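S.K.: Below is the file start-v1.csv, which contains CSV, C-alpha atoms.
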chain,number,residue,atom,x,y,z
A,1,MET,CA,66.7,47.0,133.6
A,2,SER,CA,70.3,46.8,134.8
A,3,ALA,CA,71.4,44.7,137.7
A,4,ALA,CA,72.5,47.9,139.6
A,5,VAL,CA,69.0,49.3,139.2
A,6,GLN,CA,67.4,46.1,140.5
A,7,GLY,CA,69.5,46.4,143.6
A,8,GLN,CA,71.9,43.5,142.7
A,9,PRO,CA,75.6,44.2,142.9
A,10,VAL,CA,77.4,44.1,139.5
A,11,ALA,CA,80.8,42.4,139.2
A,12,GLY,CA,82.8,45.6,139.4
A,13,ALA,CA,81.1,46.6,142.6
A,14,MET,CA,81.6,43.3,144.4
A,15,THR,CA,84.1,42.8,147.2
A,16,GLN,CA,87.0,40.4,146.9
A,17,TRP,CA,85.2,37.8,149.1
A,18,GLN,CA,82.0,38.1,147.0
A,19,LEU,CA,83.9,37.4,143.9
A,20,ILE,CA,85.6,34.4,145.5
A,21,ALA,CA,82.3,33.1,146.7
A,22,ARG,CA,80.7,33.5,143.3
A,23,ALA,CA,83.6,31.7,141.6
A,24,PHE,CA,83.7,29.0,144.2
A,25,ALA,CA,79.9,28.3,143.7
A,26,LYS,CA,80.6,27.4,140.1
A,27,HIS,CA,83.0,24.7,141.1
A,28,ARG,CA,80.6,21.8,141.4
A,29,LEU,CA,83.0,19.2,142.7
A,30,ALA,CA,84.3,21.6,145.4
A,31,MET,CA,80.7,22.4,146.4
A,32,VAL,CA,79.8,18.8,146.8
A,33,SER,CA,83.0,18.2,148.8
A,34,LEU,CA,82.1,21.1,151.1
A,35,HIS,CA,78.7,19.7,151.8
A,36,VAL,CA,80.1,16.2,152.4
A,37,LEU,CA,82.6,17.5,154.9
A,38,LEU,CA,79.9,19.5,156.7
A,39,VAL,CA,77.9,16.3,157.0
A,40,LEU,CA,81.0,14.4,158.3
A,41,TYR,CA,81.7,17.1,160.9
A,42,LEU,CA,78.1,17.2,161.9
A,43,LEU,CA,78.2,13.5,162.5
A,44,ALA,CA,81.4,13.9,164.5
A,45,VAL,CA,79.9,16.7,166.7
A,46,PHE,CA,76.7,14.7,167.5
A,47,VAL,CA,78.3,11.3,167.3
A,48,GLU,CA,76.6,10.1,170.5
A,49,ILE,CA,73.2,10.5,168.8
A,50,PHE,CA,74.1,9.2,165.4
A,51,ALA,CA,76.1,6.2,166.5
A,52,PRO,CA,73.9,3.1,167.2
A,53,TYR,CA,76.1,2.1,170.2
A,54,THR,CA,78.7,3.5,172.4
A,55,PRO,CA,82.3,2.8,171.4
A,56,ALA,CA,83.0,0.4,174.3
A,57,TRP,CA,79.8,-1.6,173.8
A,58,LYS,CA,80.4,-5.2,172.8
A,59,ASP,CA,78.7,-8.5,172.3
A,60,LEU,CA,81.1,-11.5,172.5
A,61,ASP,CA,78.4,-13.7,171.0
A,62,HIS,CA,78.7,-11.8,167.7
A,63,VAL,CA,82.4,-11.5,167.1
A,64,TYR,CA,83.2,-10.6,163.4
A,65,ALA,CA,79.5,-10.5,162.7
A,66,PRO,CA,79.0,-9.5,159.0
A,67,PRO,CA,77.3,-6.3,157.8
A,68,GLN,CA,73.5,-6.4,158.0
A,69,LEU,CA,71.6,-4.3,155.4
A,70,PRO,CA,68.2,-3.0,156.5
A,71,ILE,CA,65.2,-4.3,154.7
A,72,TYR,CA,61.8,-2.6,154.3
A,73,SER,CA,58.5,-4.4,154.0
A,74,TRP,CA,54.9,-3.3,154.5
A,75,ALA,CA,54.4,-5.9,157.3
A,76,HIS,CA,57.5,-5.2,159.4
A,77,GLY,CA,58.7,-1.7,158.2
A,78,TRP,CA,62.5,-1.3,158.4
A,79,HIS,CA,64.0,-4.4,159.9
A,80,VAL,CA,66.9,-7.0,159.6
A,81,LYS,CA,66.9,-10.7,160.2
A,82,ALA,CA,68.8,-11.9,163.2
A,83,VAL,CA,72.0,-13.9,162.6
A,84,VAL,CA,73.0,-17.0,164.5
A,85,ARG,CA,76.7,-17.7,165.0
A,86,HIS,CA,78.1,-21.2,164.2
A,87,ILE,CA,81.7,-22.2,164.8
A,88,ASP,CA,83.4,-24.6,162.4
A,89,PRO,CA,84.7,-27.5,164.6
A,90,ILE,CA,87.8,-27.9,162.3
A,91,THR,CA,88.8,-24.4,161.4
A,92,PHE,CA,87.2,-22.7,164.4
A,93,ARG,CA,86.1,-19.9,162.1
A,94,SER,CA,82.9,-18.2,162.9
A,95,ALA,CA,80.0,-18.3,160.4
A,96,TYR,CA,76.7,-16.6,160.6
A,97,VAL,CA,73.4,-17.8,159.3
A,98,GLU,CA,70.2,-15.7,159.1
A,99,ASP,CA,67.3,-16.7,161.2
A,100,ALA,CA,64.3,-15.9,159.0
A,101,ALA,CA,61.9,-16.3,161.9
A,102,ASP,CA,63.7,-13.8,164.1
A,103,ILE,CA,62.8,-10.3,162.8
A,104,ILE,CA,64.6,-7.3,164.4
A,105,PRO,CA,62.6,-4.1,163.9
A,106,LEU,CA,64.5,-0.9,163.3
A,107,GLY,CA,63.4,2.7,163.8
A,108,PHE,CA,64.5,6.3,164.1
A,109,PHE,CA,65.2,8.1,167.5
A,110,VAL,CA,64.9,4.8,169.4
A,111,ARG,CA,66.1,4.1,172.9
A,112,GLY,CA,69.4,2.4,173.2
A,113,GLU,CA,72.7,2.5,175.1
A,114,PRO,CA,72.7,5.5,177.5
A,115,TYR,CA,75.4,8.1,176.9
A,116,ASP,CA,76.5,11.6,178.0
A,117,LEU,CA,76.2,14.1,175.1
A,118,TRP,CA,79.4,16.1,175.2
A,119,SER,CA,79.8,14.9,178.8
A,120,LEU,CA,77.0,17.3,179.8
A,121,PHE,CA,73.6,15.7,179.1
A,122,ALA,CA,72.6,12.2,179.9
A,123,TRP,CA,70.4,10.6,177.2
A,124,ASP,CA,69.6,7.3,175.5
A,125,ARG,CA,68.1,8.3,172.2
A,126,HIS,CA,69.8,7.2,169.0
A,127,PHE,CA,69.1,8.5,165.5
A,128,PHE,CA,68.8,4.9,164.1
A,129,GLY,CA,68.9,1.6,165.7
A,130,ILE,CA,66.9,-1.3,167.1
A,131,ASP,CA,63.3,-0.6,168.1
A,132,LYS,CA,63.4,-2.7,171.3
A,133,ALA,CA,59.8,-1.7,172.2
A,134,ALA,CA,58.5,-3.4,169.1
A,135,TYR,CA,60.8,-6.5,169.3
A,136,ASN,CA,59.3,-9.8,170.2
A,137,THR,CA,61.2,-10.8,173.4
A,138,ALA,CA,60.0,-14.4,173.2
A,139,SER,CA,63.3,-15.4,171.7
A,140,GLY,CA,64.9,-14.8,175.1
A,141,HIS,CA,68.0,-12.9,173.8
A,142,MET,CA,68.9,-9.3,173.3
A,143,PRO,CA,68.8,-8.3,169.6
A,144,THR,CA,71.9,-6.9,167.8
A,145,PHE,CA,72.3,-4.9,164.6
A,146,TYR,CA,75.6,-4.3,162.8
A,147,LEU,CA,75.2,-2.1,159.7
A,148,LEU,CA,78.9,-2.3,158.9
A,149,GLY,CA,79.7,-5.4,160.7
A,150,ALA,CA,81.5,-6.1,164.0
A,151,ASP,CA,85.2,-6.5,165.1
A,152,LYS,CA,86.9,-9.2,167.0
A,153,TYR,CA,85.2,-8.2,170.2
A,154,GLY,CA,81.7,-7.9,168.8
A,155,ARG,CA,81.8,-4.1,168.8
A,156,ASP,CA,79.8,-2.2,166.2
A,157,LEU,CA,82.2,-1.0,163.5
A,158,LEU,CA,79.9,1.9,162.4
A,159,SER,CA,79.7,3.3,165.9
A,160,ARG,CA,83.5,3.1,166.3
A,161,ILE,CA,84.1,4.7,162.9
A,162,LEU,CA,81.8,7.6,163.8
A,163,TYR,CA,83.5,8.1,167.2
A,164,GLY,CA,86.9,7.8,165.5
A,165,ALA,CA,85.8,10.6,163.1
A,166,ARG,CA,85.5,13.0,166.0
A,167,VAL,CA,89.2,12.5,166.9
A,168,SER,CA,90.7,12.2,163.4
A,169,LEU,CA,88.8,15.1,162.0
A,170,SER,CA,89.5,17.3,165.0
A,171,VAL,CA,93.2,16.7,164.7
A,172,GLY,CA,93.2,18.4,161.4
A,173,ILE,CA,91.2,21.4,162.6
A,174,VAL,CA,93.2,21.9,165.9
A,175,GLY,CA,96.5,21.3,163.9
A,176,ILE,CA,95.9,24.0,161.4
A,177,VAL,CA,95.4,26.5,164.2
A,178,LEU,CA,99.0,25.9,165.3
A,179,THR,CA,100.2,25.7,161.7
A,180,PHE,CA,98.5,29.1,161.0
A,181,VAL,CA,100.2,30.8,164.0
A,182,LEU,CA,103.7,29.4,163.2
A,183,GLY,CA,103.5,29.8,159.4
A,184,LEU,CA,102.1,33.3,159.5
A,185,ALA,CA,104.5,34.5,162.1
A,186,ILE,CA,107.7,32.9,160.8
A,187,GLY,CA,106.8,33.5,157.1
A,188,GLY,CA,105.8,37.1,157.7
A,189,VAL,CA,109.1,37.9,159.5
A,190,SER,CA,111.1,36.1,156.9
A,191,GLY,CA,109.6,38.0,154.0
A,192,TYR,CA,109.4,41.4,155.7
A,193,VAL,CA,112.8,41.6,157.3
A,194,GLY,CA,114.7,39.8,154.5
A,195,GLY,CA,118.5,39.7,154.5
A,196,ALA,CA,120.3,37.3,156.9
A,197,VAL,CA,117.1,36.6,158.8
A,198,ASP,CA,115.3,35.5,155.7
A,199,THR,CA,118.2,33.3,154.6
A,200,LEU,CA,118.4,31.6,158.1
A,201,ILE,CA,114.7,30.9,158.2
A,202,GLN,CA,114.6,29.5,154.6
A,203,ARG,CA,117.6,27.2,155.3
A,204,ALA,CA,115.8,26.0,158.5
A,205,ILE,CA,112.6,25.3,156.4
A,206,GLU,CA,114.7,23.4,153.8
A,207,ILE,CA,116.3,21.2,156.5
A,208,THR,CA,112.9,20.5,158.1
A,209,ASP,CA,111.4,19.5,154.7
A,210,ALA,CA,114.5,17.3,153.9
A,211,PHE,CA,113.7,14.8,156.7
A,212,PRO,CA,111.5,11.9,155.6
A,213,LYS,CA,108.1,12.6,157.2
A,214,LEU,CA,107.2,9.1,158.4
A,215,PRO,CA,110.4,8.3,160.2
A,216,LEU,CA,110.4,11.7,161.7
A,217,TRP,CA,106.8,11.3,162.9
A,218,LEU,CA,107.8,7.9,164.4
A,219,ALA,CA,110.8,9.4,166.2
A,220,LEU,CA,108.8,12.3,167.7
A,221,GLY,CA,105.9,9.9,168.6
A,222,ALA,CA,108.3,7.6,170.4
A,223,VAL,CA,109.4,10.5,172.6
A,224,MET,CA,106.0,10.7,174.2
A,225,PRO,CA,105.8,9.0,177.6
A,226,THR,CA,103.8,5.8,177.6
A,227,ASP,CA,102.1,6.7,180.8
A,228,TRP,CA,100.5,9.8,179.3
A,229,SER,CA,96.7,10.0,179.4
A,230,PRO,CA,94.8,9.7,176.1
A,231,LEU,CA,94.1,13.5,176.2
A,232,ARG,CA,97.8,14.3,176.5
A,233,VAL,CA,98.7,11.9,173.7
A,234,TYR,CA,96.0,13.5,171.5
A,235,PHE,CA,97.5,17.0,172.0
A,236,GLY,CA,101.0,15.7,171.7
A,237,ILE,CA,100.2,14.2,168.3
A,238,THR,CA,98.5,17.4,167.2
A,239,ILE,CA,101.6,19.4,168.2
A,240,VAL,CA,103.9,17.0,166.4
A,241,LEU,CA,102.0,17.3,163.2
A,242,SER,CA,101.8,21.1,163.5
A,243,LEU,CA,105.6,21.4,164.0
A,244,LEU,CA,106.1,19.6,160.7
A,245,GLY,CA,103.3,21.2,158.7
A,246,TRP,CA,104.0,24.9,159.0
A,247,THR,CA,106.8,25.1,156.4
A,248,GLN,CA,104.6,25.2,153.3
A,249,LEU,CA,102.4,28.0,154.7
A,250,ALA,CA,105.5,29.9,155.8
A,251,ARG,CA,106.8,29.8,152.2
A,252,VAL,CA,103.4,31.1,150.9
A,253,VAL,CA,103.3,33.9,153.4
A,254,ARG,CA,107.0,34.9,152.8
A,255,GLY,CA,106.4,35.1,149.0
A,256,LYS,CA,103.3,37.2,149.3
A,257,VAL,CA,105.0,39.6,151.9
A,258,LEU,CA,108.0,40.0,149.6
A,259,SER,CA,105.8,41.0,146.7
A,260,LEU,CA,103.7,43.4,148.8
A,261,ARG,CA,106.1,45.0,151.3
A,262,GLU,CA,107.2,47.7,148.8
A,263,GLU,CA,103.7,48.6,147.7
A,264,ASP,CA,102.6,52.2,148.2
A,265,TYR,CA,100.2,51.5,151.0
A,266,ALA,CA,102.8,49.5,152.9
A,267,VAL,CA,105.5,52.3,152.5
A,268,ALA,CA,103.0,54.9,153.5
A,269,ALA,CA,102.1,53.0,156.7
A,270,ARG,CA,105.8,52.8,157.6
A,271,LEU,CA,106.3,56.5,156.9
A,272,LEU,CA,103.3,57.4,159.1
A,273,GLY,CA,105.0,55.6,162.0
A,274,ALA,CA,103.3,52.2,162.0
A,275,GLY,CA,105.2,49.5,163.7
A,276,HIS,CA,106.5,46.5,161.8
A,277,GLY,CA,104.0,44.1,163.4
A,278,ARG,CA,101.1,46.4,162.4
A,279,VAL,CA,102.4,46.7,158.8
A,280,ILE,CA,102.7,42.9,158.5
A,281,PHE,CA,99.4,41.8,160.1
A,282,ARG,CA,97.2,44.9,159.5
A,283,HIS,CA,98.2,45.9,156.0
A,284,LEU,CA,100.0,43.1,154.3
A,285,VAL,CA,98.4,39.9,155.5
A,286,PRO,CA,94.8,40.9,154.6
A,287,GLY,CA,95.9,41.3,151.0
A,288,PHE,CA,96.4,37.5,150.7
A,289,THR,CA,94.1,36.0,153.3
A,290,SER,CA,92.3,33.9,150.6
A,291,HIS,CA,95.6,32.2,149.7
A,292,ILE,CA,96.2,31.4,153.4
A,293,ILE,CA,92.8,29.8,153.6
A,294,VAL,CA,93.6,27.7,150.6
A,295,ALA,CA,97.0,26.6,151.9
A,296,LEU,CA,95.5,25.7,155.3
A,297,THR,CA,92.7,23.7,153.6
A,298,LEU,CA,95.1,21.7,151.6
A,299,SER,CA,97.2,20.9,154.7
A,300,VAL,CA,94.4,19.3,156.7
A,301,PRO,CA,94.5,16.0,154.8
A,302,GLY,CA,98.2,15.7,155.6
A,303,MET,CA,97.5,16.0,159.3
A,304,ILE,CA,94.7,13.5,159.2
A,305,LEU,CA,96.9,11.0,157.3
A,306,GLY,CA,99.7,11.7,159.8
A,307,GLU,CA,97.6,10.9,162.8
A,308,THR,CA,96.3,7.8,161.1
A,309,SER,CA,99.8,6.6,160.2
A,310,LEU,CA,101.1,7.2,163.7
A,311,SER,CA,98.2,5.5,165.4
A,312,PHE,CA,98.2,2.6,162.9
A,313,LEU,CA,101.9,1.9,163.7
A,314,GLY,CA,101.2,2.1,167.5
A,315,MET,CA,103.2,5.3,168.0
A,316,GLY,CA,100.2,7.7,168.2
A,317,LEU,CA,96.8,7.4,169.9
A,318,ARG,CA,96.2,4.1,171.6
A,319,PRO,CA,93.1,2.2,172.9
A,320,PRO,CA,90.8,3.0,174.6
A,321,VAL,CA,90.9,6.1,172.4
A,322,VAL,CA,89.1,5.5,169.2
A,323,SER,CA,90.4,7.1,166.0
A,324,TRP,CA,90.6,5.9,162.4
A,325,GLY,CA,94.2,5.0,162.8
A,326,VAL,CA,93.5,3.0,165.9
A,327,LEU,CA,90.7,1.1,164.1
A,328,LEU,CA,93.2,0.2,161.4
A,329,GLN,CA,95.4,-1.7,163.9
A,330,ASP,CA,92.9,-4.6,163.5
A,331,CYS,CA,94.0,-4.7,159.8
A,332,MET,CA,97.6,-5.8,160.7
A,333,ASN,CA,96.4,-9.3,160.7
A,334,LEU,CA,96.1,-10.1,157.0
A,335,GLN,CA,94.3,-13.4,157.7
A,336,ALA,CA,91.6,-11.5,159.6
A,337,VAL,CA,91.3,-8.9,156.8
A,338,GLY,CA,91.0,-11.7,154.2
A,339,SER,CA,88.2,-13.4,156.2
A,340,TYR,CA,86.4,-10.3,157.3
A,341,PRO,CA,87.0,-7.5,154.7
A,342,TRP,CA,84.7,-5.1,156.4
A,343,LEU,CA,87.5,-4.3,158.8
A,344,LEU,CA,89.0,-2.2,156.1
A,345,LEU,CA,86.0,0.2,156.0
A,346,PRO,CA,87.8,2.9,158.0
A,347,VAL,CA,90.1,3.2,155.0
A,348,VAL,CA,87.1,4.1,152.8
A,349,PHE,CA,86.3,7.0,155.2
A,350,ILE,CA,89.9,8.2,155.3
A,351,VAL,CA,90.3,8.2,151.5
A,352,PHE,CA,86.9,9.8,151.0
A,353,THR,CA,87.7,12.6,153.6
A,354,VAL,CA,91.1,13.3,152.1
A,355,LEU,CA,89.7,13.5,148.6
A,356,CYS,CA,87.0,15.9,149.7
A,357,PHE,CA,89.5,18.2,151.4
A,358,ASN,CA,91.7,18.1,148.2
A,359,PHE,CA,88.7,18.9,146.0
A,360,LEU,CA,87.7,21.7,148.4
A,361,GLY,CA,91.2,23.1,148.3
A,362,ASP,CA,91.3,23.0,144.5
A,363,GLY,CA,88.0,24.9,144.3
A,364,LEU,CA,89.2,27.5,146.8
A,365,ARG,CA,92.5,27.9,144.9
A,366,ASP,CA,90.8,28.4,141.6
A,367,ALA,CA,88.3,30.9,143.1
A,368,ALA,CA,91.0,32.9,144.9
A,369,ASP,CA,93.3,33.1,141.8
A,370,PRO,CA,92.1,35.9,139.5
A,371,TYR,CA,94.1,34.4,136.6
A,372,ALA,CA,92.5,30.9,137.0
A,373,SER,CA,90.3,29.8,134.1
A,374,ARG,CA,86.6,30.3,134.8
Would you mind giving the structure from this file in structure tokens?
M.R.:
Amino acid sequence: MSAAVQGQPVAGAMTQWQLIARAFAKHRLAMVSLHVLLVLYLLAVFVEIFAPYTPAWKDLDHVYAPPQLPIYSWAHGWHVKAVVRHIDPITFRSAYVEDAADIIPLGFFVRGEPYDLWSLFAWDRHFFGIDKAAYNTASGHMPTFYLLGADKYGRDLLSRILYGARVSLSVGIVGIVLTFVLGLAIGGVSGYVGGAVDTLIQRAIEITDAFPKLPLWLALGAVMPTDWSPLRVYFGITIVLSLLGWTQLARVVRGKVLSLREEDYAVAARLLGAGHGRVIFRHLVPGFTSHIIVALTLSVPGMILGETSLSFLGMGLRPPVVSWGVLLQDCMNLQAVGSYPWLLLPVVFIVFTVLCFNFLGDGLRDAADPYASR
């Protein structure tokens, strides 16, 4: 029995988006990257729940505490052994020794530091952390648990990385909205009007692309007033990255519009009295929407790296805002990095995220290109 008889659409009857989805599903690396990114954004949205501590929480008795891997046993369940800090009297370097007698129980959805979920709901439940109800308080001190270690103020690095993901990942999403508007409008006008307007816009794009990106980021970042609130700096960084990231999308849109503006359906729309804006955005743009999505997906890593670079160099987001770039400021001290290598863990998250976006973009590009090898 044929697929059409069984009620399943055959390849010839599929829409463009169904064909793209089917081709994309065959790209295993892109599918894995998509699911990983969904998990990262899920963690960023519900970071208050998934982070063991709030970003400002600190314990000065455990500065530069090493990572503690959870252990499972039938007697204690999930737990870690408490660490005791010792300071070398000669080098003044902190060293931690496990206290085998002090068992810290761990659990899921345990009570911990109170927080405001999305600044709307007050709660104190955390997805994973110390089960204080089962902890033996005879030791007389509050237990601590650092899955990825602590920084120079005794702050939990995992919690700060998760809170930083909310800022760094959202910069890419908010940035592509502005990039989409600028690239689509300027590229559409350039390809549709042509002539002197097209030449002027293309020369402007070439001049913008000729500037070295990092010095230009630094120059625009230095323009921002130092007395701006963290929220203003955040949107300022997003606008800066968008103003420099729209050129590639504009070129893609311009090339597609140039190839489609003389098609029969576009000419018929103009002859029927359709305005230029309607012809561009109602008839031409839908013909290459998939290519726009691919271009935007591939531009997100550049924006994430841009925010990270600016914040790392002190020209972008600044404490108390937490982002991956801000966390990397602790890595400027090479001696600290050599002694406490877990301070470089934000780099792992940055590289992993950028690779996932690149693999996702490659998969979308192959799926959207009808001439790509299957």
S.K.: Could you name the residues that touch Ser33 in chain A at 8 Å or less, counting all atoms listed in the file, but leaving out those on the same chain fewer than 2 positions away, as a list in words?
M.R.: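 With the cut-off at 8 Å, the set is Leu29, Ala30, Met31, His35, Val36, Leu37, Cys356, Phe357, Phe359 and Leu360 of chain A.
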S.K.: Generate the output file for the selected residues, C-alpha atoms, as a PDB file, keeping the file's coordinate frame.
M.R.:
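The result, written out as result.pdb:
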ATOM      1  CA  LEU A  29      83.000  19.200 142.700  1.00  0.00           C
ATOM      2  CA  ALA A  30      84.300  21.600 145.400  1.00  0.00           C
ATOM      3  CA  MET A  31      80.700  22.400 146.400  1.00  0.00           C
ATOM      4  CA  HIS A  35      78.700  19.700 151.800  1.00  0.00           C
ATOM      5  CA  VAL A  36      80.100  16.200 152.400  1.00  0.00           C
ATOM      6  CA  LEU A  37      82.600  17.500 154.900  1.00  0.00           C
ATOM      7  CA  CYS A 356      87.000  15.900 149.700  1.00  0.00           C
ATOM      8  CA  PHE A 357      89.500  18.200 151.400  1.00  0.00           C
ATOM      9  CA  PHE A 359      88.700  18.900 146.000  1.00  0.00           C
ATOM     10  CA  LEU A 360      87.700  21.700 148.400  1.00  0.00           C
TER      11      LEU A 360
END
S.K.: Distance CA of Leu34 in chain A-CA of Asp156 in chain A, one decimal place?
M.R.: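 That distance, rounded to one decimal, is 27.9 Å.
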S.K.: Please, what distance in Å, to one decimal, runs between CA of Phe109 in chain A and CA of Ala165 in chain A?
M.R.: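 So the two atoms, CA of Phe109 in chain A and CA of Ala165 in chain A, lie 21.2 Å apart.
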S.K.: I'd like the interatomic distance between CA of Asp264 in chain A and CA of Gly287 in chain A, to a tenth of an Å.
M.R.: 13.1 Å
S.K.: Residues at most 8 Å from Trp78 in chain A, counting only C-alpha atoms, excluding those fewer than 6 positions away in the same chain, as a PyMOL selection string?
M.R.: chain A and resi 70-72+105-107
S.K.: Based on the selection just made, write C-alpha atoms of those residues as an mmCIF file, keeping the file's coordinate frame.
M.R.:
data_model
loop_
_atom_site.group_PDB
_atom_site.id
_atom_site.type_symbol
_atom_site.label_atom_id
_atom_site.label_comp_id
_atom_site.auth_asym_id
_atom_site.auth_seq_id
_atom_site.Cartn_x
_atom_site.Cartn_y
_atom_site.Cartn_z
ATOM 1 C CA PRO A 70 68.200 -3.000 156.500
ATOM 2 C CA ILE A 71 65.200 -4.300 154.700
ATOM 3 C CA TYR A 72 61.800 -2.600 154.300
ATOM 4 C CA PRO A 105 62.600 -4.100 163.900
ATOM 5 C CA LEU A 106 64.500 -0.900 163.300
ATOM 6 C CA GLY A 107 63.400 2.700 163.800
#
S.K.: For range 162-181 of chain A, where the input has fewer atoms than it should, I would like N, CA and C atoms rebuilt and written as an mmCIF file, in the coordinates of the input.
M.R.:
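The resulting rebuild-v3.cif:
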data_model
loop_
_atom_site.group_PDB
_atom_site.id
_atom_site.type_symbol
_atom_site.label_atom_id
_atom_site.label_comp_id
_atom_site.auth_asym_id
_atom_site.auth_seq_id
_atom_site.Cartn_x
_atom_site.Cartn_y
_atom_site.Cartn_z
ATOM 1 N N LEU A 162 82.362 6.297 163.552
ATOM 2 C CA LEU A 162 81.800 7.600 163.800
ATOM 3 C C LEU A 162 82.529 8.286 164.998
ATOM 4 N N TYR A 163 82.770 7.524 166.060
ATOM 5 C CA TYR A 163 83.500 8.100 167.200
ATOM 6 C C TYR A 163 84.961 8.388 166.795
ATOM 7 N N GLY A 164 85.531 7.559 165.941
ATOM 8 C CA GLY A 164 86.900 7.800 165.500
ATOM 9 C C GLY A 164 86.955 9.084 164.606
ATOM 10 N N ALA A 165 85.848 9.402 163.896
ATOM 11 C CA ALA A 165 85.800 10.600 163.100
ATOM 12 C C ALA A 165 85.966 11.856 163.944
ATOM 13 N N ARG A 166 85.399 11.829 165.137
ATOM 14 C CA ARG A 166 85.500 13.000 166.000
ATOM 15 C C ARG A 166 86.983 13.291 166.321
ATOM 16 N N VAL A 167 87.776 12.259 166.588
ATOM 17 C CA VAL A 167 89.200 12.500 166.900
ATOM 18 C C VAL A 167 89.997 12.792 165.676
ATOM 19 N N SER A 168 89.867 11.985 164.619
ATOM 20 C CA SER A 168 90.700 12.200 163.400
ATOM 21 C C SER A 168 90.408 13.488 162.721
ATOM 22 N N LEU A 169 89.142 13.862 162.627
ATOM 23 C CA LEU A 169 88.800 15.100 162.000
ATOM 24 C C LEU A 169 89.197 16.332 162.803
ATOM 25 N N SER A 170 89.097 16.207 164.118
ATOM 26 C CA SER A 170 89.500 17.300 165.000
ATOM 27 C C SER A 170 90.964 17.559 165.006
ATOM 28 N N VAL A 171 91.753 16.490 164.787
ATOM 29 C CA VAL A 171 93.200 16.700 164.700
ATOM 30 C C VAL A 171 93.581 17.634 163.625
ATOM 31 N N GLY A 172 92.920 17.503 162.463
ATOM 32 C CA GLY A 172 93.200 18.400 161.400
ATOM 33 C C GLY A 172 92.836 19.847 161.681
ATOM 34 N N ILE A 173 91.690 20.058 162.334
ATOM 35 C CA ILE A 173 91.200 21.400 162.600
ATOM 36 C C ILE A 173 92.120 22.054 163.706
ATOM 37 N N VAL A 174 92.383 21.318 164.790
ATOM 38 C CA VAL A 174 93.200 21.900 165.900
ATOM 39 C C VAL A 174 94.648 22.081 165.332
ATOM 40 N N GLY A 175 95.105 21.160 164.470
ATOM 41 C CA GLY A 175 96.500 21.300 163.900
ATOM 42 C C GLY A 175 96.665 22.515 163.080
ATOM 43 N N ILE A 176 95.664 22.869 162.260
ATOM 44 C CA ILE A 176 95.900 24.000 161.400
ATOM 45 C C ILE A 176 95.867 25.317 162.166
ATOM 46 N N VAL A 177 95.310 25.338 163.370
ATOM 47 C CA VAL A 177 95.400 26.500 164.200
ATOM 48 C C VAL A 177 96.854 26.815 164.559
ATOM 49 N N LEU A 178 97.555 25.754 165.024
ATOM 50 C CA LEU A 178 99.000 25.900 165.300
ATOM 51 C C LEU A 178 99.791 26.173 164.078
ATOM 52 N N THR A 179 99.446 25.489 162.998
ATOM 53 C CA THR A 179 100.200 25.700 161.700
ATOM 54 C C THR A 179 99.972 27.146 161.264
ATOM 55 N N PHE A 180 98.765 27.686 161.430
ATOM 56 C CA PHE A 180 98.500 29.100 161.000
ATOM 57 C C PHE A 180 99.353 30.049 161.805
ATOM 58 N N VAL A 181 99.439 29.844 163.110
ATOM 59 C CA VAL A 181 100.200 30.800 164.000
ATOM 60 C C VAL A 181 101.698 30.705 163.583
#
